[in-house]
Structures are given as structure tokens and as C-alpha cells.
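*Asks:* Data file model_36.txt (compact mmCIF, C-alpha atoms and all ligand atoms) is appended below.
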# COMPACT_ATOMS: atom_id res chain seq x y z
CA MET A 1 0.00 0.00 0.00
CA THR A 2 2.96 2.33 0.43
CA ASP A 3 4.98 0.97 -2.48
CA ASN A 4 5.13 4.31 -4.26
CA HIS A 5 7.37 5.81 -1.60
CA ARG A 6 9.47 2.86 -0.54
CA HIS A 7 13.22 3.24 -0.12
CA ASN A 8 15.37 2.45 -3.10
CA GLY A 9 18.59 1.38 -1.43
CA SER A 10 19.32 -2.05 -0.02
CA LEU A 11 19.05 -2.55 3.72
CA GLY A 12 21.15 -5.72 3.66
CA ALA A 13 24.62 -4.14 3.52
CA ASP A 14 23.95 -1.88 6.49
CA ILE A 15 22.51 -4.76 8.54
CA VAL A 16 25.50 -7.03 7.81
CA GLN A 17 27.90 -4.26 8.82
CA ARG A 18 26.09 -3.79 12.15
CA ILE A 19 25.98 -7.56 12.77
CA ASP A 20 29.79 -7.52 12.46
CA GLN A 21 30.03 -4.58 14.82
CA LEU A 22 27.96 -6.37 17.47
CA ALA A 23 29.90 -9.61 16.97
CA ALA A 24 33.09 -7.80 17.99
CA ILE A 25 31.62 -7.26 21.47
CA SER A 26 32.70 -10.54 23.05
CA GLU A 27 34.38 -11.75 26.25
CA ALA A 28 36.75 -13.92 24.19
CA PRO A 29 39.26 -12.39 21.77
CA ASP A 30 38.84 -15.01 19.03
CA ASN A 31 35.24 -16.13 19.33
CA LEU A 32 31.82 -14.70 20.10
CA THR A 33 30.58 -15.16 23.66
CA ARG A 34 28.27 -12.54 25.15
CA VAL A 35 26.36 -13.55 28.25
CA PHE A 36 23.71 -12.01 30.46
CA LEU A 37 24.78 -9.17 32.81
CA SER A 38 28.40 -9.18 31.63
CA LYS A 39 30.34 -6.07 30.67
CA GLU A 40 29.89 -7.15 27.03
CA HIS A 41 26.12 -7.20 27.64
CA ARG A 42 26.44 -3.59 28.85
CA ALA A 43 28.57 -2.54 25.87
CA ALA A 44 26.21 -4.15 23.34
CA ALA A 45 23.19 -2.57 25.07
CA GLU A 46 24.73 0.88 24.71
CA VAL A 47 25.38 0.34 21.01
CA LEU A 48 21.77 -0.78 20.53
CA VAL A 49 20.43 2.26 22.40
CA THR A 50 22.43 4.51 20.05
CA TRP A 51 21.22 2.69 16.93
CA MET A 52 17.60 2.86 18.08
CA GLN A 53 17.96 6.60 18.74
CA GLN A 54 19.49 7.10 15.29
CA ALA A 55 16.44 5.29 13.89
CA GLY A 56 14.18 7.90 15.47
CA MET A 57 13.19 5.84 18.48
CA LEU A 58 13.03 6.62 22.17
CA ALA A 59 15.36 4.02 23.68
CA ARG A 60 16.08 2.75 27.19
CA ILE A 61 17.46 -0.22 29.08
CA ASP A 62 14.67 -1.86 31.09
CA ALA A 63 14.64 -3.49 34.54
CA ILE A 64 16.21 -6.78 33.37
CA GLY A 65 18.69 -5.32 30.87
CA ASN A 66 16.62 -5.57 27.69
CA VAL A 67 17.02 -2.67 25.28
CA CYS A 68 13.61 -1.23 24.40
CA GLY A 69 12.94 1.29 21.65
CA ARG A 70 9.71 3.00 20.71
CA TYR A 71 8.73 4.69 17.46
CA GLU A 72 5.47 6.56 17.89
CA GLY A 73 2.60 6.19 15.45
CA THR A 74 0.35 8.92 14.13
CA LYS A 75 -1.28 9.10 17.57
CA LEU A 76 0.98 9.39 20.63
CA GLY A 77 0.76 6.53 23.12
CA ALA A 78 -0.97 4.07 20.76
CA PRO A 79 -0.54 0.32 21.31
CA CYS A 80 2.43 -1.15 19.50
CA LEU A 81 3.49 -3.79 17.05
CA MET A 82 6.38 -5.31 18.98
CA LEU A 83 9.43 -6.58 17.12
CA GLY A 84 12.19 -8.40 18.90
CA SER A 85 14.91 -10.96 19.28
CA HIS A 86 17.84 -11.51 21.65
CA TYR A 87 21.39 -10.17 21.80
CA ASP A 88 22.95 -12.63 24.23
CA SER A 89 24.79 -15.64 22.81
CA VAL A 90 25.86 -19.18 23.54
CA ARG A 91 29.61 -19.79 24.04
CA ASP A 92 31.60 -19.74 20.78
CA ALA A 93 28.47 -18.58 19.00
CA GLY A 94 27.50 -17.55 15.51
CA LYS A 95 26.87 -13.84 15.06
CA TRP A 96 23.41 -14.05 13.44
CA ASP A 97 21.40 -15.98 16.03
CA GLY A 98 19.40 -13.23 17.75
CA PRO A 99 21.14 -10.05 16.54
CA LEU A 100 19.79 -10.47 12.98
CA GLY A 101 16.23 -9.97 14.29
CA VAL A 102 17.20 -6.98 16.42
CA VAL A 103 19.32 -5.22 13.80
CA THR A 104 16.86 -5.85 10.95
CA ALA A 105 14.02 -4.40 13.02
CA ILE A 106 16.12 -1.28 13.74
CA ALA A 107 16.99 -0.96 10.04
CA CYS A 108 13.29 -1.15 9.10
CA VAL A 109 12.30 1.53 11.62
CA GLY A 110 15.26 3.65 10.47
CA ASP A 111 13.93 3.39 6.93
CA LEU A 112 10.44 4.50 7.99
CA ASN A 113 11.98 7.37 9.95
CA ARG A 114 14.06 8.54 6.95
CA ARG A 115 10.90 8.61 4.84
CA LYS A 116 8.99 10.29 7.72
CA VAL A 117 6.40 7.51 7.67
CA ARG A 118 4.18 7.24 10.72
CA LEU A 119 1.73 4.37 11.04
CA PRO A 120 -1.60 4.15 12.89
CA PHE A 121 0.18 2.16 15.63
CA ALA A 122 3.49 2.49 17.46
CA ILE A 123 6.43 0.20 16.73
CA GLU A 124 8.52 -1.09 19.59
CA ILE A 125 11.70 -3.11 19.39
CA VAL A 126 12.85 -5.21 22.31
CA ALA A 127 16.37 -6.61 22.23
CA PHE A 128 16.18 -9.33 24.86
CA ALA A 129 19.08 -9.52 27.32
CA ASP A 130 18.93 -13.28 27.80
CA GLU A 131 17.32 -15.94 25.66
CA GLU A 132 19.98 -18.65 25.55
CA GLY A 133 20.41 -19.05 29.31
CA THR A 134 24.16 -19.45 28.84
CA ARG A 135 25.24 -17.92 32.14
CA PHE A 136 22.56 -19.05 34.60
CA ALA A 137 21.13 -22.11 32.81
CA SER A 138 17.60 -20.71 32.75
CA THR A 139 16.43 -19.50 29.36
CA LEU A 140 14.14 -16.68 28.13
CA LEU A 141 14.91 -14.41 31.11
CA GLY A 142 14.51 -11.20 29.09
CA SER A 143 11.22 -12.09 27.40
CA ARG A 144 9.80 -13.63 30.59
CA ALA A 145 10.40 -10.31 32.36
CA VAL A 146 8.53 -8.47 29.58
CA ALA A 147 5.69 -11.02 29.70
CA GLY A 148 5.52 -10.67 33.49
CA THR A 149 6.36 -14.34 34.06
CA PHE A 150 9.91 -13.98 35.39
CA VAL A 151 10.35 -16.46 38.24
CA GLU A 152 11.92 -14.79 41.29
CA SER A 153 13.66 -17.99 42.38
CA ALA A 154 15.92 -17.69 39.31
CA LEU A 155 17.74 -14.85 41.12
CA ALA A 156 19.34 -17.40 43.45
CA SER A 157 20.92 -19.40 40.61
CA ARG A 158 24.68 -19.08 40.26
CA ASP A 159 27.03 -18.94 37.28
CA ARG A 160 30.09 -21.17 36.97
CA ASP A 161 32.14 -18.70 39.06
CA GLY A 162 29.62 -18.85 41.91
CA VAL A 163 28.13 -15.38 41.26
CA SER A 164 24.37 -15.32 41.83
CA MET A 165 22.03 -13.68 39.35
CA ARG A 166 20.99 -11.27 42.09
CA GLU A 167 24.64 -10.20 42.63
CA ALA A 168 25.22 -9.92 38.88
CA MET A 169 22.17 -7.69 38.48
CA VAL A 170 23.35 -5.34 41.21
CA ALA A 171 26.83 -5.20 39.64
CA PHE A 172 25.23 -4.38 36.28
CA GLY A 173 23.35 -1.50 37.93
CA LEU A 174 19.90 -3.08 38.00
CA ASP A 175 17.60 -3.63 40.99
CA PRO A 176 16.71 -7.32 41.34
CA ASP A 177 13.69 -6.40 43.45
CA HIS A 178 12.13 -4.38 40.63
CA ILE A 179 12.21 -6.79 37.68
CA GLY A 180 8.42 -6.50 37.64
CA ALA A 181 8.86 -3.01 36.13
CA ALA A 182 9.90 -4.64 32.83
CA ALA A 183 6.49 -6.31 32.45
CA ARG A 184 4.14 -5.08 29.74
CA ALA A 185 0.36 -5.30 29.66
CA PRO A 186 -1.44 -7.20 26.87
CA VAL A 187 -3.38 -4.03 25.91
CA GLU A 188 -0.10 -2.30 25.01
CA VAL A 189 0.95 -4.95 22.50
CA LEU A 190 -0.99 -5.63 19.26
CA ALA A 191 1.30 -8.50 18.27
CA TYR A 192 4.82 -9.80 18.77
CA LEU A 193 6.81 -10.49 15.62
CA GLU A 194 10.33 -11.93 15.44
CA LEU A 195 12.69 -12.35 12.54
CA HIS A 196 15.31 -15.05 13.20
CA ILE A 197 17.65 -17.31 11.27
CA GLU A 198 16.12 -20.73 10.69
CA GLN A 199 18.95 -22.65 12.44
CA GLY A 200 17.99 -25.63 10.28
CA PRO A 201 18.42 -26.76 6.65
CA VAL A 202 14.80 -26.66 5.39
CA LEU A 203 14.72 -23.26 3.63
CA GLU A 204 18.04 -24.02 1.96
CA ALA A 205 16.63 -27.30 0.65
CA GLN A 206 13.57 -25.38 -0.62
CA LYS A 207 15.87 -22.79 -2.26
CA LEU A 208 14.00 -20.00 -0.46
CA PRO A 209 15.46 -17.01 1.41
CA VAL A 210 12.58 -16.71 3.92
CA GLY A 211 9.73 -18.71 5.41
CA VAL A 212 6.67 -18.30 7.64
CA VAL A 213 6.84 -20.09 10.97
CA THR A 214 3.69 -22.02 11.93
CA ALA A 215 4.60 -22.80 15.55
CA ILE A 216 7.49 -23.04 17.96
CA ALA A 217 7.51 -26.74 18.71
CA GLY A 218 6.89 -27.95 22.23
CA ALA A 219 9.30 -30.48 23.68
CA THR A 220 9.32 -33.38 26.11
CA ARG A 221 12.60 -34.56 27.57
CA LEU A 222 12.87 -37.91 29.28
CA ALA A 223 15.56 -39.64 31.28
CA VAL A 224 15.63 -43.40 30.65
CA GLU A 225 17.42 -46.00 32.76
CA LEU A 226 17.79 -49.65 31.83
CA HIS A 227 18.99 -52.02 34.53
CA GLY A 228 20.46 -55.38 33.51
CA THR A 229 23.20 -57.48 35.03
CA ALA A 230 26.86 -56.60 34.79
CA GLY A 231 29.01 -59.64 34.12
CA HIS A 232 32.27 -61.00 32.74
CA ALA A 233 32.59 -60.40 28.99
CA GLY A 234 34.29 -63.79 28.60
CA THR A 235 32.34 -66.13 30.80
CA VAL A 236 28.64 -65.28 30.49
CA PRO A 237 27.11 -67.02 27.44
CA MET A 238 25.21 -64.74 25.06
CA ALA A 239 21.85 -66.35 25.80
CA MET A 240 22.22 -65.76 29.53
CA ARG A 241 23.02 -62.06 29.41
CA ARG A 242 20.95 -59.08 30.50
CA ASP A 243 22.98 -56.48 28.58
CA ALA A 244 21.59 -53.02 29.30
CA LEU A 245 23.54 -51.37 26.47
CA THR A 246 22.31 -53.60 23.64
CA GLY A 247 18.83 -53.04 25.06
CA ALA A 248 19.39 -49.28 24.92
CA ALA A 249 20.69 -49.58 21.36
CA GLU A 250 17.48 -51.30 20.31
CA CYS A 251 15.42 -48.59 22.04
CA ILE A 252 17.38 -45.80 20.32
CA VAL A 253 16.90 -47.31 16.87
CA ALA A 254 13.21 -47.82 17.64
CA VAL A 255 12.85 -44.12 18.51
CA GLU A 256 14.54 -43.16 15.26
CA GLU A 257 12.31 -45.46 13.21
CA PHE A 258 9.18 -44.21 14.94
CA CYS A 259 10.02 -40.56 14.27
CA ARG A 260 11.22 -41.23 10.71
CA SER A 261 7.96 -42.89 9.72
CA ASP A 262 6.05 -39.83 10.92
CA ARG A 263 4.78 -37.02 8.70
CA GLY A 264 3.60 -34.52 11.31
CA GLY A 265 6.93 -32.84 12.00
CA LEU A 266 7.85 -35.17 14.88
CA VAL A 267 11.58 -35.28 15.76
CA GLY A 268 13.24 -37.47 18.37
CA THR A 269 16.84 -37.41 19.57
CA VAL A 270 18.98 -39.39 21.97
CA GLY A 271 21.75 -36.92 22.69
CA TYR A 272 23.36 -38.49 25.75
CA ILE A 273 24.12 -42.04 26.81
CA ASN A 274 26.15 -43.51 29.65
CA ALA A 275 26.99 -47.19 30.21
CA MET A 276 28.06 -48.59 33.58
CA PRO A 277 30.44 -49.85 34.70
CA GLY A 278 31.92 -48.86 31.35
CA ALA A 279 34.81 -51.26 30.83
CA THR A 280 35.93 -53.19 27.76
CA ASN A 281 35.61 -56.57 29.43
CA VAL A 282 32.38 -56.05 31.39
CA ILE A 283 28.80 -56.53 30.16
CA PRO A 284 27.03 -53.20 30.82
CA GLY A 285 24.67 -53.55 33.77
CA LEU A 286 23.20 -50.07 33.81
CA VAL A 287 22.60 -47.64 30.97
CA SER A 288 21.06 -44.23 31.17
CA PHE A 289 20.14 -42.10 28.17
CA THR A 290 18.10 -39.00 27.39
CA LEU A 291 15.28 -38.59 24.95
CA ASP A 292 14.19 -35.29 23.38
CA ILE A 293 10.86 -35.39 21.51
CA ARG A 294 9.44 -32.36 19.69
CA ALA A 295 6.42 -31.71 17.50
CA PRO A 296 4.53 -28.62 16.32
CA LYS A 297 1.32 -29.82 18.01
CA ASP A 298 1.04 -30.65 21.72
CA SER A 299 -1.61 -33.36 21.40
CA TYR A 300 0.49 -34.98 18.73
CA ARG A 301 3.71 -34.85 20.76
CA LYS A 302 1.96 -36.34 23.79
CA MET A 303 0.59 -39.22 21.71
CA ALA A 304 4.03 -39.85 20.24
CA VAL A 305 5.66 -39.83 23.69
CA THR A 306 3.09 -42.37 24.93
CA ASP A 307 3.74 -44.65 21.93
CA ILE A 308 7.52 -44.36 22.24
CA VAL A 309 7.44 -45.10 25.97
CA ARG A 310 5.29 -48.17 25.27
CA GLU A 311 7.79 -49.37 22.69
CA ILE A 312 10.69 -48.93 25.10
CA GLU A 313 8.72 -50.85 27.73
CA THR A 314 8.19 -53.72 25.29
CA ILE A 315 11.90 -53.89 24.39
CA ALA A 316 12.90 -53.80 28.08
CA LYS A 317 10.45 -56.60 28.88
CA GLN A 318 11.65 -58.81 26.01
CA ARG A 319 15.22 -58.38 27.20
CA GLN A 320 14.33 -58.79 30.89
CA LEU A 321 15.70 -55.37 31.73
CA ASP A 322 14.25 -53.22 34.50
CA LEU A 323 13.16 -49.85 33.24
CA GLN A 324 12.81 -46.39 34.73
CA ILE A 325 11.54 -43.45 32.68
CA ASN A 326 11.11 -39.93 34.03
CA VAL A 327 9.96 -36.76 32.30
CA THR A 328 12.63 -34.16 33.12
CA HIS A 329 11.32 -31.22 31.10
CA GLU A 330 8.21 -30.33 29.20
CA ASN A 331 7.18 -27.17 27.41
CA ARG A 332 4.13 -26.59 25.37
CA THR A 333 3.96 -25.53 21.75
CA ALA A 334 3.68 -21.82 21.02
CA PRO A 335 1.52 -21.62 17.89
CA CYS A 336 1.97 -18.61 15.61
CA ALA A 337 -1.31 -16.73 15.13
CA PRO A 338 -2.89 -17.53 11.73
CA TRP A 339 -3.88 -13.86 11.15
CA LEU A 340 -0.23 -12.84 11.53
CA GLN A 341 1.02 -15.76 9.44
CA ASN A 342 -1.31 -14.55 6.66
CA GLN A 343 0.15 -11.05 6.75
CA ILE A 344 3.71 -12.40 6.64
CA GLY A 345 2.77 -14.77 3.81
CA ALA A 346 1.26 -11.88 1.82
CA ALA A 347 4.44 -9.81 2.27
CA ILE A 348 6.63 -12.71 1.15
CA THR A 349 4.49 -13.21 -1.96
CA ALA A 350 4.57 -9.48 -2.69
CA GLU A 351 8.39 -9.63 -2.59
CA GLY A 352 8.26 -12.31 -5.25
CA PHE A 353 8.92 -15.43 -3.16
CA ARG A 354 6.83 -18.48 -2.39
CA ALA A 355 5.23 -18.22 1.08
CA PHE A 356 6.62 -21.46 2.46
CA GLU A 357 5.51 -22.55 5.93
CA LEU A 358 7.62 -24.44 8.45
CA PRO A 359 7.62 -25.10 12.20
CA SER A 360 10.47 -24.00 14.45
CA GLY A 361 12.16 -26.90 16.20
CA ALA A 362 14.26 -24.49 18.24
CA GLY A 363 12.94 -22.41 21.13
CA HIS A 364 12.53 -18.63 20.80
CA ASP A 365 11.39 -15.60 22.82
CA GLY A 366 7.89 -15.98 21.35
CA MET A 367 7.42 -18.89 23.76
CA ALA A 368 7.37 -16.33 26.59
CA MET A 369 5.75 -13.46 24.66
CA ILE A 370 2.70 -15.59 23.80
CA ASP A 371 1.49 -15.01 27.37
CA ILE A 372 0.77 -11.34 26.56
CA ALA A 373 0.33 -11.22 22.76
CA ASP A 374 -0.33 -13.17 19.59
CA ILE A 375 3.06 -14.12 18.13
CA ALA A 376 4.55 -14.75 14.70
CA MET A 377 7.98 -15.44 13.25
CA LEU A 378 9.74 -14.90 9.95
CA PHE A 379 12.66 -17.25 9.29
CA VAL A 380 15.69 -16.36 7.16
CA ARG A 381 17.76 -19.06 5.45
CA CYS A 382 21.15 -19.86 6.97
CA ARG A 383 23.94 -21.75 5.24
CA GLY A 384 23.85 -25.50 5.79
CA GLY A 385 21.36 -25.05 8.62
CA ILE A 386 24.37 -24.51 10.90
CA SER A 387 23.84 -22.51 14.10
CA HIS A 388 25.27 -22.18 17.62
CA ASN A 389 28.59 -22.39 15.83
CA PRO A 390 31.02 -19.75 14.47
CA ALA A 391 30.38 -21.15 10.97
CA GLU A 392 26.82 -19.78 11.12
CA HIS A 393 26.28 -17.71 7.97
CA VAL A 394 23.56 -15.76 6.20
CA ASP A 395 24.04 -14.36 2.68
CA GLU A 396 23.65 -10.60 2.37
CA ALA A 397 20.99 -11.12 -0.32
CA ASP A 398 18.93 -13.15 2.17
CA VAL A 399 19.45 -10.56 4.90
CA ASP A 400 18.10 -7.99 2.46
CA ALA A 401 15.16 -10.21 1.45
CA GLY A 402 14.27 -10.70 5.13
CA ALA A 403 14.44 -6.96 5.75
CA ARG A 404 12.25 -6.15 2.76
CA VAL A 405 9.63 -8.68 3.88
CA LEU A 406 9.71 -7.41 7.47
CA LEU A 407 9.38 -3.79 6.33
CA ARG A 408 6.42 -4.74 4.16
CA VAL A 409 4.77 -6.60 7.05
CA ILE A 410 5.23 -3.54 9.29
CA GLU A 411 3.89 -1.05 6.74
CA ASN A 412 0.87 -3.18 5.89
CA PHE A 413 0.26 -4.41 9.43
CA THR A 414 -3.44 -4.61 10.28
CA PRO A 415 -4.28 -5.27 13.94
CA LYS A 416 -6.64 -8.11 14.72
CA ILE A 417 -9.81 -6.12 15.46
ZN ZN A 501 18.15 -17.32 18.87
Is it possible to give me this structure as C-alpha cells?
*Replies:*
Amino acid sequence: MTDNHRHNGSLGADIVQRIDQLAAISEAPDNLTRVFLSKEHRAAAEVLVTWMQQAGMLARIDAIGNVCGRYEGTKLGAPCLMLGSHYDSVRDAGKWDGPLGVVTAIACVGDLNRRKVRLPFAIEIVAFADEEGTRFASTLLGSRAVAGTFVESALASRDRDGVSMREAMVAFGLDPDHIGAAARAPVEVLAYLELHIEQGPVLEAQKLPVGVVTAIAGATRLAVELHGTAGHAGTVPMAMRRDALTGAAECIVAVEEFCRSDRGGLVGTVGYINAMPGATNVIPGLVSFTLDIRAPKDSYRKMAVTDIVREIETIAKQRQLDLQINVTHENRTAPCAPWLQNQIGAAITAEGFRAFELPSGAGHDGMAMIDIADIAMLFVRCRGGISHNPAEHVDEADVDAGARVLLRVIENFTPKI
């Protein structure tokens, strides 16, 4: 609708240059590590405040260390379309995971500001201070504070140097007793929209620069223990063994087969296994392994978990192994709102691409933001699907495509009612 006065230049080059600038703010000289409440967190926050101000926004650091910017609409104080992503990182990270969403949002607002475009709603950008949970092993701290669901008990958790989150907040200059001030009310937020790299290989396989996310998949994690009998590797005949490790091997292959034969986006992973006593000449008597099951629909994931557990029970019984299974973690699916998915799809089509839909297997800030607003996500292709790794890469042309789509979504954004 505003095509006749759109910018002519490319946003991609500017975004890539800023991504590099942010990537240089790291605690390690030769890799990217930027964790919650560190001095690098502070330095990156100050850069983001400056960039938001240059984009015509009012910018501040909130009660948990998020950087929040606001670009007023035609009417002062109107509810906002909230854009966001995170600017903390894992250890030895890639530079695109998180910052791409923040920097692209700033570039889009900067473009509107240059053209003096005001919309019937405000635009806010939140750069979340902690999504990865690298320092204190609890994730989504920034977005939970904004959603008003920050759990106070997290303040007692300690980093690997023994510093508590409470102490770190004080050292950063924040008041741990006023985190509630970061919370936003649902009436202030028309929708939450996040641009993020895919962190998987699907868009690349589809030869598409961008995609519409349907849901952030929920996950169930289980801890499985198989108890057999440890014994001498030379003296116990094969038929008389209760080998916990071969039993586990059968279970692991069964999980893979179950998930492979599925068409509903189910994925299952055994990422950790330990065999006891763990010696070359001893039959393993006790094996523990983890199971991570994800699907874009909760009912579907729960059914799959039930079926998989039943299959493991059957294998354990056939092999006369004692079995213990515990659920160690469960989080529900965060579906992206169809009305927002439609607007993103329309913008992608208008930019000349196919509006391809895919679920997110990785967790994102939308999982917290869904408590106060409808959420949506726009994925950008990343090379080889590689992420949480310094080899993470996004082509400048794809950065630009993502920015153009996001800008179009913003300019054509129509609130729900
Ligand atoms: Zn991320």
C-alpha cells in the first residue's frame, strides 16, 4: 500500500555491517561469547540504544537489561506492534542468532523514519538480554520479564564462578527487586513479531530465502534408565546375558524409526548415553540415556511420547531389563497466530517469493511473549542449517530479502480487530 514511496537502497549491507560490529563485542578475543549481565552485555546494550535513537526511536534499558525502543505512530501513546529478538549468545556462537532480528528491526524503523512515515500504531523493538540461558542455565529471562512471568527464584541461581544472578544484576546497575517493572500489559501490544535465522536446513533445501513459521515446537525430555546385570565379557554365554547397552541400542533405533515414519513434523533425539560400569571386558549392567521429543502440536507430541514409551517398555520386557523413565522437562507448543502468518505470507508473496511454511524446532522468545500477545515469526535461510557455531552464515541477499519482507509486514500491518 505504500509501495510508491518505498526506499530504493538495499538494507542488507547496512545490517551485515552492524551484525559484524555487534559480533566484535565478546568476552573472548577469538570467538563470540556474550552472556547475560556481563560487561559485554552492557557494551552491546549501549550500542543498541544509540542505533535505536538514530532510527528515530526513544530508547532505554529496562529493569532486566533488555534494550527497548519505541517509534510513535500517528497518535501518541498508541498500542504497539512489537518486534524483537535476543542479543545474548551461547559460548563460541555464531553472530546471526538473535542479533539479525534486532538489527533488521532497527533498520526497518530507520527506513520508515528517513521517509517520515508514521503508522496508525506504534512500533517497539525489544532486544532481549537473555534468551539462551548461557550464564545461569535458565532461558528466556529477558522475554519472561517483559511477559511478566519472570520467576523470582531464578535470582538465586549461580554462574560457573559462583556469582548469583541477584549479585550480577546489582553489579550491572539493576535492581533485582524491581524486575516486575519490565512487564508489559497485553493491551499495550498488538502482536509480537520476530525475525530469526532458521537454524535448520529446510529453507536451503527449498531454495528459499525466507519462510513463515507455523509454531514453535513444544518439547518433552525424558531420562531413561535400563537395569540389567553386569558380568564378565568372557564367561557369560550370550543367551544368559541381561545387557543393558544392547537393550538401549534397540530402544534408540526404535525411537529413530518411529520418528522417521512420521509425517507430522515429529523429531526425536537421543543426545546423551552412559553405560556402567563402562569397561571393555564387562557386560554393561546399567545404561542411562536421554530422549528429546518435539512436534509442532502438543496433542500430537503427547501421543508420540506415549507410543515411544510403550515401545521402550516392550523392548525392556523382552530383554528382561528393568526400566525407569522420568519426564525431566516439558514445554508446550507456542503456535503462531494464523492472522499474523497470513500477513507475513502476503508480504513474502509481494516480494516475489513463495510463502513457504515451516515449524520451528528451536525455542525462541515468542514462547514467553505468547502469554501477553499473539506471536509470529519470519525465518531467514542460513547456510547448511548450521547454528550455535562460528560457521553460522547468512548471505547478504537473504538478509536484504528478510528486511524487505519485514518492512512490508510492518507497513501493511493490520491489527486483529
Ligand atoms: Zn536465537
*Asks:* How would you report the residues lying within 7 Å of ligand ZN 501 (chain A), as an MDAnalysis selection string, if you count all atoms listed in the file?
*Replies:* chainID A and resid 86 97:98 131 196 364
*Asks:* Residues at most 10 Å from segment 32-42 of chain A, counting only C-alpha atoms, excluding those fewer than 2 positions away in the same chain, as a VMD selection string?
*Replies:* chain A and resid 22 to 30 44 to 48 61 64 to 66 87 to 95 128 to 136 141 to 142 165 167 to 174 389 to 390
*Asks:* Which neighbours of Thr246 of chain A fall inside 12 Å, counting only C-alpha atoms, when residues of the same chain fewer than 6 positions from it are skipped, and could you give them as a PyMOL selection string?
*Replies:* chain A and resi 226-228+238+252-253+275+283-287+315-316+319-321
*Asks:* Could you check the closest approach to Gly148 of chain A for each of A:Leu407, A:Ile325, A:Met369, A:Ala304 and tell me which residue wins, using only C-alpha atoms?
*Replies:*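 When distances to Gly148 of chain A are compared using only C-alpha atoms, the smallest one comes from A:Met369.
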*Asks:* Could you check which of A:Asp262, A:Glu411, A:Asp243, A:Asp371 is closest to Ala230 of chain A, using all atoms listed in the file?
*Replies:*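 Using all atoms listed in the file, Ala230 of chain A sits closest to A:Asp243.
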*Asks:* I want to know what sits within 9 Å of Ile312 of chain A, based on all atoms listed in the file, with residues of the same chain fewer than 2 positions away left out; could you give that as a list of chain:residue names?
*Replies:*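 These residues fall inside the cut-off: A:Ala248, A:Glu250, A:Cys251, A:Ile252, A:Ala254, A:Val255, A:Asp307, A:Ile308, A:Val309, A:Arg310, A:Thr314, A:Ile315, A:Ala316, A:Lys317, A:Leu323.
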*Asks:* Those selected residues, please, written with C-alpha atoms and delivered as a PDB file, keeping the file's coordinate frame.
*Replies:*
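out_16.pdb written:
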ATOM      1  CA  ALA A 248      19.390 -49.280  24.920  1.00  0.00           C
ATOM      2  CA  GLU A 250      17.480 -51.300  20.310  1.00  0.00           C
ATOM      3  CA  CYS A 251      15.420 -48.590  22.040  1.00  0.00           C
ATOM      4  CA  ILE A 252      17.380 -45.800  20.320  1.00  0.00           C
ATOM      5  CA  ALA A 254      13.210 -47.820  17.640  1.00  0.00           C
ATOM      6  CA  VAL A 255      12.850 -44.120  18.510  1.00  0.00           C
ATOM      7  CA  ASP A 307       3.740 -44.650  21.930  1.00  0.00           C
ATOM      8  CA  ILE A 308       7.520 -44.360  22.240  1.00  0.00           C
ATOM      9  CA  VAL A 309       7.440 -45.100  25.970  1.00  0.00           C
ATOM     10  CA  ARG A 310       5.290 -48.170  25.270  1.00  0.00           C
ATOM     11  CA  THR A 314       8.190 -53.720  25.290  1.00  0.00           C
ATOM     12  CA  ILE A 315      11.900 -53.890  24.390  1.00  0.00           C
ATOM     13  CA  ALA A 316      12.900 -53.800  28.080  1.00  0.00           C
ATOM     14  CA  LYS A 317      10.450 -56.600  28.880  1.00  0.00           C
ATOM     15  CA  LEU A 323      13.160 -49.850  33.240  1.00  0.00           C
TER      16      LEU A 323
END
*Asks:* Take atom CA of Asp161 of chain A and atom CA of Thr149 of chain A and report the distance between them in Å, one decimal.
*Replies:*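 Result for atom CA of Asp161 of chain A versus atom CA of Thr149 of chain A: 26.6 Å, one decimal.
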*Asks:* At a cut-off of 10 Å, using only C-alpha atoms, what residues contact Thr328 of chain A? Leave out same-chain residues fewer than 6 positions from it and give the result as a ChimeraX atom specification.
*Replies:* /A:220-223,290-292
*Asks:* Would you mind exporting C-alpha atoms of the selected residues as a compact mmCIF listing (two decimals), keeping the file's coordinate frame?
*Replies:*
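Output file selection-v8.txt follows:
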# COMPACT_ATOMS: atom_id res chain seq x y z
CA THR A 220 9.32 -33.38 26.11
CA ARG A 221 12.60 -34.56 27.57
CA LEU A 222 12.87 -37.91 29.28
CA ALA A 223 15.56 -39.64 31.28
CA THR A 290 18.10 -39.00 27.39
CA LEU A 291 15.28 -38.59 24.95
CA ASP A 292 14.19 -35.29 23.38
*Asks:* Return the single residue from A:Ala55, A:Ala43, A:Leu11, A:Ile123 that is closest to Glu72 of chain A, with distances computed using only C-alpha atoms.
*Replies:*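 Checking each of A:Ala55, A:Ala43, A:Leu11, A:Ile123 against Glu72 of chain A, counting only C-alpha atoms, the winner is A:Ile123.
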*Asks:* Smallest atom-to-atom distance to Glu357 of chain A: which of A:Glu198, A:Glu330, A:Glu188, A:Asp322, using all atoms listed in the file?
*Replies:*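 Among the listed residues, the smallest separation from Glu357 of chain A belongs to A:Glu198.
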*Asks:* Given the choices A:Pro79, A:Gly361, A:Leu190, A:Val380, which gets closest to Ala403 of chain A if the distance is worked out from all atoms listed in the file?
*Replies:*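 Counting all atoms listed in the file, the residue closest to Ala403 of chain A is A:Val380.
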*Asks:* The residues within 12 Å of (2.1, -3.5, 21.6), using all atoms listed in the file and the coordinates of the file, should be reported as a PyMOL selection string; which are they?
*Replies:* chain A and resi 69-73+77-84+121-126+146-147+184-193+369+372-375+415
